[in-house]
Amino acid sequence: MILRRRVGGRDAGALILSYLIVVPVFMLAVMVIVQSALWYLAREAALAAARQGVDAARVPGAAAGAGPAAALAFVRDSASGYLQVPTASMSGTQDAGGGATATIQITVTGHIPTFVPGLVINISQAVQAPAEKFVAP
């Protein structure tokens, strides 16, 4: 009986084994890149919403809830896919001379959409600006 040696028989399955190692690492890298892009977009959306809120709140004669309302309207209109469950809050500091508000701060918070079920990534951005004051000449 003649025994034939199979050529390349010792590395059978090596390609599949290398795919079992490389493909999950590659897919994880792609998921990390996409998740970081979603984080960046949500952060920028929250910052833009906070800016809109500060601009609306610092105008003389603005309504009490104009800032947070403008911030949430911006999120609903422009960033609803990037920033989930948004909330906006307003705070201010009083000037030393009287009861007028010297600075206004709007903080926008929310969640980022994630790939991992149950993982919640919160984001918060705050913008602070001086309140506008009309001074007669």
# chains A, B, ... in the order shown; residues from 1 in each chain; ligands from 1
$ select_by_dssp --residues "chain A" --states "strand (DSSP E)" --output "compact mmCIF listing (two decimals) with C-alpha atoms, in the first residue's frame"
# COMPACT_ATOMS: atom_id res chain seq x y z
CA GLN A 84 -32.66 61.40 22.73
CA VAL A 85 -34.77 62.40 25.74
CA PRO A 86 -33.53 66.02 25.74
CA THR A 87 -34.03 68.33 28.69
CA ALA A 88 -33.08 71.97 29.07
CA SER A 89 -32.64 74.01 32.21
CA MET A 90 -31.89 77.67 32.79
CA SER A 91 -29.99 79.40 35.56
CA GLY A 92 -28.71 82.89 36.02
CA THR A 93 -26.70 85.10 38.30
CA GLN A 94 -27.87 88.41 39.65
CA THR A 101 -29.94 88.98 35.79
CA ALA A 102 -26.31 89.53 34.81
CA THR A 103 -25.59 86.18 33.15
CA ILE A 104 -27.80 83.43 31.80
CA GLN A 105 -26.82 79.79 31.50
CA ILE A 106 -28.72 77.15 29.53
CA THR A 107 -27.83 73.49 30.05
CA VAL A 108 -29.04 70.87 27.57
CA THR A 109 -28.80 67.18 28.50
CA GLY A 110 -29.84 64.00 26.77
CA HIS A 111 -28.91 60.46 25.80
CA ILE A 112 -26.89 59.25 22.85
CA ILE A 121 -24.47 57.44 27.52
CA ASN A 122 -25.49 60.85 28.84
CA ILE A 123 -24.31 64.11 27.41
CA SER A 124 -24.61 67.61 28.82
CA GLN A 125 -23.61 70.93 27.31
CA ALA A 126 -23.92 74.35 28.92
CA VAL A 127 -23.64 77.82 27.42
CA GLN A 128 -23.37 80.99 29.48
CA ALA A 129 -23.77 84.55 28.17
CA PRO A 130 -24.39 87.99 29.63
$ select_by_dssp --residues "stretch 32-134 of chain A" --states "alpha helix (DSSP H)" --output "ChimeraX atom specification"
/A:32-57,66-78
$ write_last_selection --atoms "C-alpha atoms" --output "compact mmCIF listing (two decimals), in the first residue's frame"
# COMPACT_ATOMS: atom_id res chain seq x y z
CA VAL A 32 -16.47 52.12 17.99
CA ILE A 33 -15.99 54.56 15.10
CA VAL A 34 -19.74 54.83 14.47
CA GLN A 35 -20.49 55.18 18.20
CA SER A 36 -17.91 57.94 18.58
CA ALA A 37 -19.43 59.73 15.57
CA LEU A 38 -22.86 59.54 17.21
CA TRP A 39 -21.36 60.91 20.44
CA TYR A 40 -19.78 63.81 18.57
CA LEU A 41 -23.00 64.65 16.71
CA ALA A 42 -25.06 64.53 19.90
CA ARG A 43 -22.55 66.74 21.72
CA GLU A 44 -22.59 69.30 18.91
CA ALA A 45 -26.40 69.20 18.75
CA ALA A 46 -26.67 69.80 22.51
CA LEU A 47 -24.19 72.67 22.27
CA ALA A 48 -26.07 74.28 19.36
CA ALA A 49 -29.37 73.90 21.22
CA ALA A 50 -27.89 75.52 24.33
CA ARG A 51 -26.63 78.42 22.19
CA GLN A 52 -30.10 78.86 20.70
CA GLY A 53 -31.59 78.84 24.17
CA VAL A 54 -29.16 81.44 25.50
CA ASP A 55 -29.79 83.68 22.50
CA ALA A 56 -33.53 83.50 23.12
CA ALA A 57 -33.26 84.04 26.89
CA ALA A 66 -38.05 81.26 26.50
CA GLY A 67 -34.52 79.88 26.74
CA PRO A 68 -35.27 76.23 27.54
CA ALA A 69 -38.23 76.27 25.15
CA ALA A 70 -36.04 77.53 22.29
CA ALA A 71 -33.37 74.93 23.10
CA LEU A 72 -35.86 72.07 23.10
CA ALA A 73 -37.47 73.34 19.89
CA PHE A 74 -34.05 73.34 18.23
CA VAL A 75 -33.42 69.76 19.35
CA ARG A 76 -36.82 68.63 18.09
CA ASP A 77 -36.36 70.33 14.72
CA SER A 78 -32.68 69.70 14.01
$ atom_distance --atom1 "atom CA of A:Pro113" --atom2 "atom CA of A:Gly81"
8.0 Å
$ atom_distance --atom1 "atom CA of A:Phe115" --atom2 "atom CA of A:Met31"
7.8 Å
$ decode --residues "stretch 24-45 of chain A" --atoms "N, CA and C atoms" --output "short mmCIF file (atom, residue, chain, number, x, y, z; two decimals), in the first residue's frame"
data_model
loop_
_atom_site.label_atom_id
_atom_site.label_comp_id
_atom_site.auth_asym_id
_atom_site.auth_seq_id
_atom_site.Cartn_x
_atom_site.Cartn_y
_atom_site.Cartn_z
N PRO A 24 -14.15 39.76 14.03
CA PRO A 24 -14.75 40.43 15.20
C PRO A 24 -14.00 41.69 15.63
N VAL A 25 -12.69 41.68 15.53
CA VAL A 25 -11.91 42.86 15.88
C VAL A 25 -12.22 44.00 14.91
N PHE A 26 -12.32 43.68 13.64
CA PHE A 26 -12.66 44.68 12.63
C PHE A 26 -14.06 45.24 12.87
N MET A 27 -15.03 44.37 13.14
CA MET A 27 -16.39 44.83 13.38
C MET A 27 -16.48 45.68 14.65
N LEU A 28 -15.72 45.32 15.68
CA LEU A 28 -15.69 46.12 16.90
C LEU A 28 -15.10 47.50 16.62
N ALA A 29 -14.07 47.56 15.80
CA ALA A 29 -13.47 48.85 15.45
C ALA A 29 -14.47 49.71 14.67
N VAL A 30 -15.22 49.12 13.77
CA VAL A 30 -16.23 49.88 13.02
C VAL A 30 -17.31 50.39 13.96
N MET A 31 -17.75 49.55 14.91
CA MET A 31 -18.78 49.97 15.86
C MET A 31 -18.28 51.10 16.76
N VAL A 32 -17.02 51.05 17.16
CA VAL A 32 -16.47 52.12 17.99
C VAL A 32 -16.40 53.42 17.20
N ILE A 33 -16.05 53.36 15.94
CA ILE A 33 -15.99 54.56 15.10
C ILE A 33 -17.38 55.16 14.93
N VAL A 34 -18.37 54.33 14.65
CA VAL A 34 -19.74 54.83 14.47
C VAL A 34 -20.29 55.38 15.78
N GLN A 35 -20.01 54.69 16.91
CA GLN A 35 -20.49 55.18 18.20
C GLN A 35 -19.85 56.51 18.58
N SER A 36 -18.57 56.66 18.28
CA SER A 36 -17.91 57.94 18.58
C SER A 36 -18.45 59.05 17.67
N ALA A 37 -18.81 58.73 16.45
CA ALA A 37 -19.43 59.73 15.57
C ALA A 37 -20.80 60.15 16.10
N LEU A 38 -21.58 59.20 16.61
CA LEU A 38 -22.86 59.54 17.21
C LEU A 38 -22.67 60.39 18.46
N TRP A 39 -21.66 60.10 19.25
CA TRP A 39 -21.36 60.91 20.44
C TRP A 39 -21.02 62.34 20.05
N TYR A 40 -20.18 62.48 19.03
CA TYR A 40 -19.78 63.81 18.57
C TYR A 40 -20.98 64.59 18.06
N LEU A 41 -21.83 63.96 17.25
CA LEU A 41 -23.00 64.65 16.71
C LEU A 41 -23.97 65.05 17.81
N ALA A 42 -24.16 64.19 18.79
CA ALA A 42 -25.06 64.53 19.90
C ALA A 42 -24.49 65.66 20.74
N ARG A 43 -23.19 65.66 20.95
CA ARG A 43 -22.55 66.74 21.72
C ARG A 43 -22.69 68.07 20.99
N GLU A 44 -22.45 68.08 19.70
CA GLU A 44 -22.59 69.30 18.91
C GLU A 44 -24.05 69.77 18.85
N ALA A 45 -24.99 68.83 18.77
CA ALA A 45 -26.40 69.20 18.75
C ALA A 45 -26.82 69.81 20.08
#
